[in-house]
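The structure under discussion appears below in the form of structure tokens.
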Amino acid sequence: MSRRPYMRKVERSWWLQHPRYILYMIRELTSLFVGLYCALLAVGLVRLSQGHAAWDGFVAAFSGPLGVVFQLLCLVFTTYHSVTWFALTPKAMPLMVKGEPVPGGVIVGAHYVAWAAVSIAVLIGAGI
Amino acid sequence: MSETITLEVLRYLPETDSEPHFQRYTVPYKDEWVVLDALNHIKDHLDATLSYRWSCHMAVCGSCGMTINNEPKLSCHTFLRDYRGGVIRVEPLDHFPIERDLVIVMDSFMDKLSSVKPYLIPKQDKPLSSGEYLQTPGELNVFHQYTQCINCMLCYAACPQVGLNEDFVGPAALALAHRYNLDSRDGGKAARADVVASNEGIWECTFVGACSQVCPKCVDPAAAIQQTKISASVDWLKDLLTPGAHT
């Protein structure tokens with residue numbers, strides 16, 4: 001008797017078929033906004049290097065309603081991306097102390113502490 | 001009349017069917033029954049042509065992996081009582097060819113598993129007379145969770161990357177490679193690197209994390225793969241800075 005294995009195709013909508021895949025795709029989408037905001041910062045740096053007028057123009061361009069909405073969207077998506085990444089750090093960076101694993105919550109918590117410390121340092125550096 | 005529950009089972013008989021189709025069976029409901037018990041009831045009393053794999057009935061052998069209501073599960077570890085009042089849809093594991101009914105073709109998995117050399121490759125061979133390769137409990141703790149894999153392939157069914165790229169080495173095999181790489185008695189990391197650190201190895205993983213969510217033995221392949229990515233990147237950098245010194 002000859003064999004005739006049947007292979008089911010992966011649908012293009014595979015990511016809609018389970019909530020965990022939808023959450024994964026949302027996380028992938030947030031990368032786009034992280035990248036866009038990085039690009040925005042890079043452009044800002046270039047404009048800053050070009051002098052006062054260039055910098056003022058850059059700030060003005062992103063102070064209008066569209067610019068603010070864009071930055072708010074970036075903030076929301078970047079926060080989602082950061083929070084979900086921090087939640088994954090115990091998997092990627094497990095620590096062993098004296099032969100015993102450090103609890104995941106400690107590793108995640110350390111990332112939030114570092115985030116807060118860097119944010120405070122930046123705010124102080126900016127004179128706010 | 002005693003309570004019953006309905007199972008919708010994907011059938012595929014290669015002699016007669018051009019493609020799989022669902023078939024409904026109504027079986028007695030019992031609190032202590034798992035889906036595998038229901039399948040055994042069908043096989044024994046309703047339809048002897050139904051084919052599926054099983055062996056131990058206690059979540060040890062890894063034979064009875066199936067897709068149960070869209071979730072990869074061991075059928076011996078999935079109680080009917082969790083689906084009481086509903087219909088249980090039973091399909092073969094996703095991302096594998098169907099041999100017949102709920103039986104999948106696992107050849108690709110076996111090839112991938114053997115490709116990562118999932119066994120101890122001692123750093124230095126030594127004669128039996130010199131005794132065991134000793135290991136402290138702390139050294140064992142480093143990789144112990146990865147030894148719990150039962151090769152049930154639920155992680156392959158859950159991983160979308162496996163479905164999208166059939167060459168992806170996949171979660172269980174990469175987790176086992178990591179298990180041996182972490183073993184203080186092992187010296188085979190370089191021998192595994194060609195497969196593990198290839199495009200079809202760890203770099204095909206996009207950290208969906210589904211593999212770890214469905215693992216019935218809490219092995220966490222996603223963690224193993226991310227750790228291997230870091231380790232492989234460090235090895236690559238070392239080799240770039242001091243070529244040939246780390247092989």
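We name chains A, B, ... following the order of the structure tokens; residues begin at 1 in each chain, and ligands are numbered from 1 as shown.
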Please return, as a ChimeraX atom specification, all residues of chain A lying within 12 Å of chain B when only C-alpha atoms are considered. /A:1-28,84-85,87-102,104
Could you save those same residues with C-alpha atoms as a compact mmCIF listing (two decimals), in the first residue's frame?
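result16.txt was written with the following content:
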```
# COMPACT_ATOMS: atom_id res chain seq x y z
CA MET A 1 0.00 0.00 0.00
CA SER A 2 1.48 3.34 -1.00
CA ARG A 3 1.60 6.20 1.45
CA ARG A 4 -0.10 9.48 0.65
CA PRO A 5 0.59 11.95 3.49
CA TYR A 6 -1.56 15.08 3.41
CA MET A 7 0.00 18.44 4.26
CA ARG A 8 -2.37 21.16 5.43
CA LYS A 9 -1.47 24.65 4.20
CA VAL A 10 -0.71 27.51 6.57
CA GLU A 11 -3.38 30.15 5.96
CA ARG A 12 -2.31 33.76 5.43
CA SER A 13 -4.57 34.58 8.36
CA TRP A 14 -2.72 32.17 10.70
CA TRP A 15 -2.00 34.99 13.12
CA LEU A 16 -5.73 35.65 13.61
CA GLN A 17 -6.37 32.09 14.74
CA HIS A 18 -5.17 32.40 18.35
CA PRO A 19 -4.95 35.35 20.76
CA ARG A 20 -1.25 34.72 21.45
CA TYR A 21 -0.44 35.12 17.76
CA ILE A 22 -2.42 38.37 17.60
CA LEU A 23 -0.50 39.72 20.61
CA TYR A 24 2.74 38.66 18.93
CA MET A 25 1.83 40.49 15.72
CA ILE A 26 0.90 43.62 17.71
CA ARG A 27 4.33 43.47 19.32
CA GLU A 28 5.95 43.09 15.89
CA THR A 84 6.56 43.27 26.79
CA TRP A 85 10.32 43.13 26.26
CA ALA A 87 8.56 40.72 30.64
CA LEU A 88 10.65 38.49 28.36
CA THR A 89 14.06 39.35 29.81
CA PRO A 90 14.15 36.49 32.36
CA LYS A 91 14.00 34.09 29.41
CA ALA A 92 16.77 35.73 27.42
CA MET A 93 18.99 36.69 30.34
CA PRO A 94 18.52 34.24 33.20
CA LEU A 95 20.86 34.66 36.15
CA MET A 96 22.23 32.00 38.46
CA VAL A 97 23.49 32.95 41.91
CA LYS A 98 25.21 30.28 43.98
CA GLY A 99 23.78 27.56 41.73
CA GLU A 100 20.20 28.76 42.07
CA PRO A 101 18.20 30.73 39.47
CA VAL A 102 17.34 34.34 40.31
CA GLY A 104 12.19 36.25 37.02
```
Among region 22-118 of chain A, which ones does DSSP assign to helix (DSSP H, G or I) (computed from the backbone)? Answer as JSON, numbers by chain. {"A": [22, 23, 24, 25, 26, 27, 28, 29, 30, 31, 32, 33, 34, 35, 36, 37, 38, 39, 40, 41, 42, 43, 44, 45, 46, 47, 48, 49, 52, 53, 54, 55, 56, 57, 58, 59, 60, 61, 65, 66, 67, 68, 69, 70, 71, 72, 73, 74, 75, 76, 77, 78, 79, 80, 81, 82, 83, 84, 85, 86, 87, 88, 89, 90, 91, 92, 104, 105, 106, 107, 108, 109, 110, 111, 112, 113, 114, 115, 116, 117, 118]}
Smallest atom-to-atom distance to Gln161 (chain B): which of B:Ala191, B:Ile88, B:Ile202, B:Val196, using only C-alpha atoms?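 Checking each candidate against Gln161 (chain B), we get B:Ile202 as the closest.
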Residue neighbourhood Ala172 (chain B), 12 Å, only C-alpha atoms, exclusion window fewer than 3 positions, as a CSV table (one decimal) with N, CA and C atoms, in the first residue's frame:
```csv
chain,number,residue,atom,x,y,z
B,109,PHE,N,11.0,15.9,12.0
B,109,PHE,CA,11.4,16.2,13.4
B,109,PHE,C,12.6,15.3,13.8
B,110,MET,N,12.5,14.0,13.5
B,110,MET,CA,13.6,13.1,13.9
B,110,MET,C,14.9,13.6,13.2
B,112,LYS,N,15.7,16.6,12.3
B,112,LYS,CA,16.2,17.9,13.0
B,112,LYS,C,16.8,17.6,14.3
B,113,LEU,N,16.1,16.7,15.0
B,113,LEU,CA,16.6,16.3,16.4
B,113,LEU,C,18.0,15.7,16.3
B,114,SER,N,18.2,14.8,15.4
B,114,SER,CA,19.5,14.2,15.3
B,114,SER,C,20.6,15.2,14.8
B,116,VAL,N,21.2,18.1,15.6
B,116,VAL,CA,21.9,19.0,16.6
B,116,VAL,C,22.7,18.2,17.6
B,118,PRO,N,22.1,15.6,19.9
B,118,PRO,CA,21.6,15.8,21.3
B,118,PRO,C,22.1,14.7,22.2
B,146,TYR,N,15.8,21.7,30.8
B,146,TYR,CA,15.8,21.3,29.4
B,146,TYR,C,15.8,19.8,29.3
B,147,THR,N,16.2,19.1,30.3
B,147,THR,CA,16.2,17.6,30.2
B,147,THR,C,14.8,17.0,30.3
B,148,GLN,N,13.8,17.8,30.6
B,148,GLN,CA,12.4,17.3,30.8
B,148,GLN,C,11.7,17.1,29.5
B,149,CYS,N,12.3,17.5,28.4
B,149,CYS,CA,11.6,17.4,27.1
B,149,CYS,C,11.3,15.9,26.8
B,150,ILE,N,10.0,15.7,26.3
B,150,ILE,CA,9.6,14.3,26.0
B,150,ILE,C,9.4,14.1,24.4
B,151,ASN,N,9.9,15.1,23.7
B,151,ASN,CA,9.8,15.0,22.2
B,151,ASN,C,8.3,14.8,21.7
B,152,CYS,N,7.4,15.6,22.3
B,152,CYS,CA,6.0,15.4,22.0
B,152,CYS,C,5.6,16.2,20.8
B,153,MET,N,6.5,17.2,20.4
B,153,MET,CA,6.3,18.0,19.2
B,153,MET,C,5.2,19.0,19.3
B,154,LEU,N,4.6,19.2,20.5
B,154,LEU,CA,3.6,20.3,20.7
B,154,LEU,C,4.2,21.6,20.3
B,155,CYS,N,5.4,21.8,20.7
B,155,CYS,CA,6.1,23.1,20.4
B,155,CYS,C,6.2,23.4,18.9
B,156,TYR,N,6.4,22.3,18.1
B,156,TYR,CA,6.5,22.5,16.7
B,156,TYR,C,5.1,22.9,16.1
B,157,ALA,N,4.0,22.3,16.7
B,157,ALA,CA,2.7,22.6,16.2
B,157,ALA,C,2.3,24.0,16.6
B,158,ALA,N,2.8,24.5,17.7
B,158,ALA,CA,2.5,25.9,18.2
B,158,ALA,C,3.3,27.0,17.5
B,159,CYS,N,4.4,26.6,16.9
B,159,CYS,CA,5.4,27.6,16.4
B,159,CYS,C,5.0,28.0,15.0
B,162,VAL,N,7.7,27.4,12.3
B,162,VAL,CA,7.8,26.0,11.8
B,162,VAL,C,6.9,25.8,10.6
B,168,PHE,N,13.1,25.2,9.3
B,168,PHE,CA,13.5,25.7,10.7
B,168,PHE,C,13.7,24.5,11.6
B,169,VAL,N,14.9,24.5,12.3
B,169,VAL,CA,15.2,23.3,13.1
B,169,VAL,C,14.2,23.2,14.2
B,175,ALA,N,16.3,23.5,21.9
B,175,ALA,CA,16.3,23.5,23.4
B,175,ALA,C,17.2,22.3,23.9
B,176,LEU,N,17.2,21.2,23.1
B,176,LEU,CA,18.1,20.1,23.5
B,176,LEU,C,19.5,20.4,23.2
B,177,ALA,N,19.8,21.1,22.1
B,177,ALA,CA,21.1,21.5,21.8
B,177,ALA,C,21.7,22.4,22.9
B,178,HIS,N,20.8,23.3,23.4
B,178,HIS,CA,21.2,24.2,24.5
B,178,HIS,C,21.4,23.4,25.8
B,179,ARG,N,20.6,22.4,26.0
B,179,ARG,CA,20.8,21.6,27.2
B,179,ARG,C,22.2,21.0,27.2
B,196,VAL,N,22.9,24.8,14.8
B,196,VAL,CA,22.2,25.6,15.8
B,196,VAL,C,22.3,27.1,15.4
B,201,GLY,N,18.5,27.7,12.0
B,201,GLY,CA,18.6,27.4,13.5
B,201,GLY,C,17.9,28.5,14.3
B,202,ILE,N,18.7,29.0,15.3
B,202,ILE,CA,18.2,30.0,16.2
B,202,ILE,C,17.7,31.3,15.5
B,211,CYS,N,5.9,28.2,21.8
B,211,CYS,CA,6.5,26.9,22.2
B,211,CYS,C,6.5,26.7,23.7
B,212,SER,N,6.9,27.7,24.4
B,212,SER,CA,7.0,27.6,25.9
B,212,SER,C,5.6,27.5,26.5
B,214,VAL,N,2.9,26.1,25.3
B,214,VAL,CA,2.2,24.8,25.2
B,214,VAL,C,3.0,23.7,25.7
B,215,CYS,N,4.2,23.9,26.1
B,215,CYS,CA,5.0,22.7,26.6
B,215,CYS,C,4.4,22.1,27.8
B,217,LYS,N,5.8,20.0,29.8
B,217,LYS,CA,6.8,19.7,30.8
B,217,LYS,C,7.5,21.0,31.2
B,218,CYS,N,7.0,22.1,30.9
B,218,CYS,CA,7.6,23.4,31.3
B,218,CYS,C,9.1,23.5,30.9
B,219,VAL,N,9.4,23.1,29.7
B,219,VAL,CA,10.8,23.1,29.3
B,219,VAL,C,11.3,24.5,28.9
B,220,ASP,N,10.4,25.3,28.3
B,220,ASP,CA,10.7,26.7,27.9
B,220,ASP,C,11.7,26.8,26.8
B,221,PRO,N,11.4,26.2,25.6
B,221,PRO,CA,12.3,26.3,24.5
B,221,PRO,C,12.6,27.7,24.1
B,222,ALA,N,11.7,28.6,24.2
B,222,ALA,CA,11.9,30.0,23.8
B,222,ALA,C,13.0,30.6,24.5
B,223,ALA,N,13.1,30.3,25.8
B,223,ALA,CA,14.2,30.8,26.6
B,223,ALA,C,15.5,30.2,26.1
B,224,ALA,N,15.5,29.0,25.9
B,224,ALA,CA,16.8,28.3,25.4
B,224,ALA,C,17.3,28.9,24.1
B,225,ILE,N,16.4,29.2,23.2
B,225,ILE,CA,16.8,29.8,21.9
B,225,ILE,C,17.3,31.2,22.1
```
Within 10 Å of region 57-65 of chain A, counting only C-alpha atoms, which residues qualify if same-chain residues fewer than 2 places away don't, as a VMD selection string? chain A and resid 40 43 to 48 52 to 55 67 to 71
Calculated over only C-alpha atoms, which of the candidates B:Ala173, B:Cys205, B:Ile68, B:Ala232 has the smallest distance to Ala193 (chain B)?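 Looking at the shortest contact to Ala193 (chain B), the residue is B:Ala232.
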Residues of region 21-121 of chain A classed as strand (DSSP E) by DSSP on the backbone are to be reported as number ranges by chain. A: 96-97, 100-101
Find the residues around Phe33 (chain A) up to 12 Å (only C-alpha atoms counted), leave out those fewer than 4 positions away in its own chain, and share them as a PyMOL selection string. chain A and resi 26-29+37-40+70-82
Which value, in Å to one decimal, gives the distance between CA of Asn165 (chain B) and CA of Gly65 (chain B)?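 Between these atoms lies a distance of 21.0 Å.
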Quick one: residues within 10 Å of region 21-37 of chain B, only C-alpha atoms, excluding same-chain residues fewer than 3 positions away - as a ChimeraX atom specification? /B:2-13,17-18,40-43,45-47,52-54,57,64-66,68,73-85,87-91,101
Kindly export the residues of the current selection with N, CA and C atoms, as a compact mmCIF listing (two decimals), in the first residue's frame.
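As a result, selection.txt now contains:
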```txt
# COMPACT_ATOMS: atom_id res chain seq x y z
N SER B 2 -27.59 8.84 30.66
CA SER B 2 -26.33 9.35 31.18
C SER B 2 -25.76 10.43 30.25
N GLU B 3 -24.94 11.29 30.82
CA GLU B 3 -24.39 12.44 30.10
C GLU B 3 -23.41 11.99 29.01
N THR B 4 -23.41 12.73 27.90
CA THR B 4 -22.47 12.43 26.81
C THR B 4 -21.74 13.72 26.43
N ILE B 5 -20.71 13.55 25.61
CA ILE B 5 -20.00 14.71 25.06
C ILE B 5 -19.62 14.37 23.62
N THR B 6 -19.59 15.40 22.77
CA THR B 6 -19.34 15.17 21.35
C THR B 6 -17.90 15.53 20.98
N LEU B 7 -17.28 14.64 20.23
CA LEU B 7 -15.94 14.90 19.70
C LEU B 7 -16.05 15.07 18.18
N GLU B 8 -15.41 16.09 17.66
CA GLU B 8 -15.31 16.29 16.22
C GLU B 8 -13.88 15.95 15.84
N VAL B 9 -13.70 14.83 15.18
CA VAL B 9 -12.34 14.33 14.93
C VAL B 9 -12.00 14.48 13.45
N LEU B 10 -10.82 15.02 13.17
CA LEU B 10 -10.39 15.14 11.77
C LEU B 10 -9.97 13.76 11.27
N ARG B 11 -10.64 13.31 10.21
CA ARG B 11 -10.33 12.01 9.62
C ARG B 11 -9.62 12.18 8.29
N TYR B 12 -8.67 11.32 8.05
CA TYR B 12 -8.04 11.28 6.72
C TYR B 12 -7.62 9.85 6.43
N LEU B 13 -8.31 9.25 5.47
CA LEU B 13 -7.99 7.87 5.06
C LEU B 13 -7.39 7.95 3.66
N ASP B 17 -9.78 9.11 0.77
CA ASP B 17 -10.03 10.56 0.91
C ASP B 17 -9.04 11.38 0.10
N SER B 18 -9.55 12.43 -0.57
CA SER B 18 -8.64 13.35 -1.25
C SER B 18 -8.13 14.40 -0.27
N ASN B 40 -10.14 6.25 22.82
CA ASN B 40 -10.10 4.79 23.01
C ASN B 40 -11.51 4.20 23.01
N HIS B 41 -12.46 4.94 23.58
CA HIS B 41 -13.86 4.47 23.57
C HIS B 41 -14.37 4.39 22.13
N ILE B 42 -14.04 5.43 21.34
CA ILE B 42 -14.46 5.41 19.93
C ILE B 42 -13.86 4.19 19.23
N LYS B 43 -12.57 4.02 19.44
CA LYS B 43 -11.86 2.92 18.76
C LYS B 43 -12.44 1.55 19.16
N HIS B 45 -15.49 0.89 20.65
CA HIS B 45 -16.94 0.65 20.61
C HIS B 45 -17.66 1.27 19.41
N LEU B 46 -17.10 2.29 18.79
CA LEU B 46 -17.85 3.00 17.76
C LEU B 46 -17.25 2.87 16.36
N ASP B 47 -15.92 2.99 16.26
CA ASP B 47 -15.31 3.04 14.94
C ASP B 47 -13.86 2.57 15.03
N TYR B 52 -4.68 6.77 15.77
CA TYR B 52 -3.99 7.79 16.56
C TYR B 52 -2.87 7.10 17.32
N ARG B 53 -1.90 7.89 17.79
CA ARG B 53 -0.78 7.33 18.53
C ARG B 53 -0.99 7.54 20.03
N TRP B 54 -0.62 6.57 20.81
CA TRP B 54 -0.56 6.77 22.26
C TRP B 54 0.22 5.60 22.85
N HIS B 57 -0.18 7.01 28.58
CA HIS B 57 -1.38 7.55 29.25
C HIS B 57 -1.02 8.32 30.52
N CYS B 64 1.00 11.13 22.29
CA CYS B 64 -0.40 11.43 21.98
C CYS B 64 -0.67 12.92 21.77
N GLY B 65 0.32 13.66 21.27
CA GLY B 65 0.11 15.08 20.99
C GLY B 65 -0.90 15.27 19.88
N MET B 66 -1.86 16.15 20.10
CA MET B 66 -2.91 16.45 19.12
C MET B 66 -3.30 17.91 19.26
N ILE B 68 -6.21 20.14 20.15
CA ILE B 68 -7.51 19.99 20.79
C ILE B 68 -8.11 21.39 20.98
N LYS B 73 -1.97 19.88 22.49
CA LYS B 73 -2.01 19.31 23.84
C LYS B 73 -1.73 17.81 23.77
N LEU B 74 -1.31 17.26 24.92
CA LEU B 74 -1.27 15.81 25.04
C LEU B 74 -2.69 15.35 25.33
N SER B 75 -3.20 14.41 24.55
CA SER B 75 -4.60 14.01 24.76
C SER B 75 -4.77 13.24 26.07
N CYS B 76 -3.68 12.71 26.60
CA CYS B 76 -3.76 11.99 27.89
C CYS B 76 -3.72 12.96 29.07
N HIS B 77 -3.56 14.24 28.76
CA HIS B 77 -3.35 15.24 29.80
C HIS B 77 -4.43 16.31 29.71
N THR B 78 -5.49 15.99 28.95
CA THR B 78 -6.53 16.98 28.66
C THR B 78 -7.88 16.39 29.05
N PHE B 79 -8.45 16.88 30.13
CA PHE B 79 -9.67 16.28 30.68
C PHE B 79 -10.92 16.74 29.94
N LEU B 80 -11.88 15.80 29.79
CA LEU B 80 -13.17 16.14 29.18
C LEU B 80 -13.88 17.20 30.01
N ARG B 81 -13.67 17.18 31.33
CA ARG B 81 -14.40 18.10 32.20
C ARG B 81 -14.08 19.57 31.90
N ASP B 82 -12.94 19.82 31.28
CA ASP B 82 -12.60 21.19 30.91
C ASP B 82 -13.37 21.66 29.68
N TYR B 83 -14.09 20.77 29.03
CA TYR B 83 -14.86 21.11 27.82
C TYR B 83 -16.33 20.73 28.00
N ARG B 84 -16.75 20.48 29.22
CA ARG B 84 -18.11 20.01 29.51
C ARG B 84 -19.14 20.98 28.90
N GLY B 85 -20.12 20.40 28.24
CA GLY B 85 -21.16 21.23 27.65
C GLY B 85 -20.82 21.73 26.25
N VAL B 87 -18.31 21.15 22.41
CA VAL B 87 -17.82 20.14 21.47
C VAL B 87 -16.29 20.17 21.50
N ILE B 88 -15.69 19.00 21.50
CA ILE B 88 -14.22 18.94 21.49
C ILE B 88 -13.76 18.63 20.08
N ARG B 89 -12.99 19.54 19.52
CA ARG B 89 -12.48 19.33 18.16
C ARG B 89 -11.06 18.79 18.24
N VAL B 90 -10.87 17.61 17.69
CA VAL B 90 -9.56 16.95 17.78
C VAL B 90 -8.95 16.83 16.38
N GLU B 91 -7.76 17.40 16.23
CA GLU B 91 -7.06 17.36 14.94
C GLU B 91 -5.63 16.87 15.17
N ASP B 101 -5.65 9.97 9.71
CA ASP B 101 -6.43 10.50 10.83
C ASP B 101 -5.60 11.42 11.72
```
